[in-house]
>>> print(open('target06.json').read())   # JSON, C-alpha atoms
[["chain", "number", "residue", "atom", "x", "y", "z"],
["A", 1, "MET", "CA", 157.37, 22.59, 62.81],
["A", 2, "HIS", "CA", 159.33, 19.35, 62.55],
["A", 3, "MET", "CA", 157.48, 16.09, 63.25],
["A", 4, "GLY", "CA", 159.42, 13.26, 64.84],
["A", 5, "SER", "CA", 160.27, 10.18, 62.86],
["A", 6, "PRO", "CA", 158.39, 6.96, 63.64],
["A", 7, "LEU", "CA", 161.54, 5.60, 65.29],
["A", 8, "GLN", "CA", 161.73, 8.57, 67.66],
["A", 9, "LEU", "CA", 158.07, 8.19, 68.59],
["A", 10, "LEU", "CA", 158.59, 4.48, 69.23],
["A", 11, "VAL", "CA", 161.55, 5.18, 71.54],
["A", 12, "ILE", "CA", 159.51, 7.76, 73.47],
["A", 13, "ALA", "CA", 156.61, 5.30, 73.80],
["A", 14, "ILE", "CA", 158.96, 2.60, 75.14],
["A", 15, "VAL", "CA", 160.51, 4.99, 77.67],
["A", 16, "VAL", "CA", 157.05, 6.06, 78.92],
["A", 17, "LEU", "CA", 155.98, 2.42, 79.17],
["A", 18, "VAL", "CA", 159.10, 1.51, 81.18],
["A", 19, "LEU", "CA", 158.74, 4.52, 83.51],
["A", 20, "PHE", "CA", 155.05, 4.14, 84.31],
["A", 21, "GLY", "CA", 154.31, 0.49, 83.65],
["A", 22, "ARG", "CA", 151.53, -0.96, 81.53],
["A", 23, "GLY", "CA", 148.94, -1.04, 84.33],
["A", 24, "LYS", "CA", 149.45, 2.60, 85.29],
["A", 25, "ILE", "CA", 149.15, 3.75, 81.66],
["A", 26, "ALA", "CA", 145.98, 1.69, 81.16],
["A", 27, "GLY", "CA", 144.48, 3.22, 84.31],
["A", 28, "MET", "CA", 145.35, 6.73, 83.16],
["A", 29, "MET", "CA", 143.79, 6.12, 79.75],
["A", 30, "GLY", "CA", 140.63, 4.79, 81.43],
["A", 31, "GLU", "CA", 140.36, 7.94, 83.55],
["A", 32, "PHE", "CA", 141.01, 10.07, 80.47],
["A", 33, "GLY", "CA", 138.19, 8.29, 78.64],
["A", 34, "LYS", "CA", 135.82, 8.82, 81.58],
["A", 35, "GLY", "CA", 136.71, 12.52, 81.59],
["A", 36, "ILE", "CA", 135.96, 12.88, 77.89],
["A", 37, "THR", "CA", 132.63, 11.07, 78.35],
["A", 38, "ALA", "CA", 131.66, 13.34, 81.25],
["A", 39, "PHE", "CA", 132.62, 16.42, 79.23],
["A", 40, "LYS", "CA", 130.50, 15.34, 76.24],
["A", 41, "LYS", "CA", 127.56, 14.61, 78.54],
["A", 42, "GLY", "CA", 127.85, 18.05, 80.13],
["A", 43, "VAL", "CA", 127.99, 19.79, 76.76],
["A", 44, "LYS", "CA", 124.93, 17.85, 75.56],
["A", 45, "GLU", "CA", 122.94, 18.66, 78.70],
["A", 46, "GLY", "CA", 123.91, 22.33, 78.46],
["A", 47, "SER", "CA", 122.80, 22.62, 74.85],
["A", 48, "GLU", "CA", 119.51, 20.82, 75.63],
["A", 49, "GLU", "CA", 118.86, 23.27, 78.49],
["A", 50, "ILE", "CA", 119.50, 26.25, 76.21],
["A", 51, "GLN", "CA", 117.11, 24.84, 73.59],
["A", 52, "LYS", "CA", 114.45, 24.23, 76.24],
["A", 53, "GLU", "CA", 114.74, 27.79, 77.56],
["A", 54, "SER", "CA", 114.50, 29.29, 74.07],
["A", 55, "ALA", "CA", 111.43, 27.14, 73.32],
["A", 56, "GLU", "CA", 109.75, 28.34, 76.52],
["A", 57, "ALA", "CA", 110.55, 31.96, 75.65],
["A", 58, "ALA", "CA", 108.99, 31.46, 72.22],
["A", 59, "LYS", "CA", 105.75, 30.16, 73.81],
["A", 60, "ASP", "CA", 105.38, 33.27, 75.98],
["A", 61, "VAL", "CA", 105.12, 35.64, 72.99],
["A", 62, "THR", "CA", 101.32, 35.47, 72.71],
["A", 63, "PRO", "CA", 99.61, 38.47, 74.35],
["A", 64, "SER", "CA", 97.29, 37.69, 77.24],
["A", 65, "ASP", "CA", 93.73, 39.02, 77.58],
["A", 66, "LYS", "CA", 94.96, 41.78, 79.91],
["A", 67, "ASP", "CA", 97.30, 43.10, 77.20],
["A", 68, "LYS", "CA", 94.44, 43.45, 74.67],
["A", 69, "ALA", "CA", 92.35, 45.85, 76.81]]
>>> encode(input="target06.json", output="structure tokens")
Amino acid sequence: MHMGSPLQLLVIAIVVLVLFGRGKIAGMMGEFGKGITAFKKGVKEGSEEIQKESAEAAKDVTPSDKDKA
């Protein structure tokens, strides 16, 4: 796959800047950053919940007094 030259990338960046304006692009990047942060937080909470459930399942392995009789 052919990568664009730095000049081509610069021209594309200028065109995007002219079309959307600096404020609009900054706002979009801010929303993008918030989305990434929310995604990371969700992944972290999900993995913590899985670890908690597996720890609780490991505790319940001991037989109770009823099981011994």
>>> atom_distance(input="target06.json", atom1="CA of Glu48 in chain A", atom2="CA of Gly35 in chain A")
20.0 Å
>>> atom_distance(input="target06.json", atom1="CA of Val16 in chain A", atom2="CA of Met28 in chain A")
12.5 Å
>>> atom_distance(input="target06.json", atom1="CA of Phe39 in chain A", atom2="CA of Lys52 in chain A")
20.0 Å
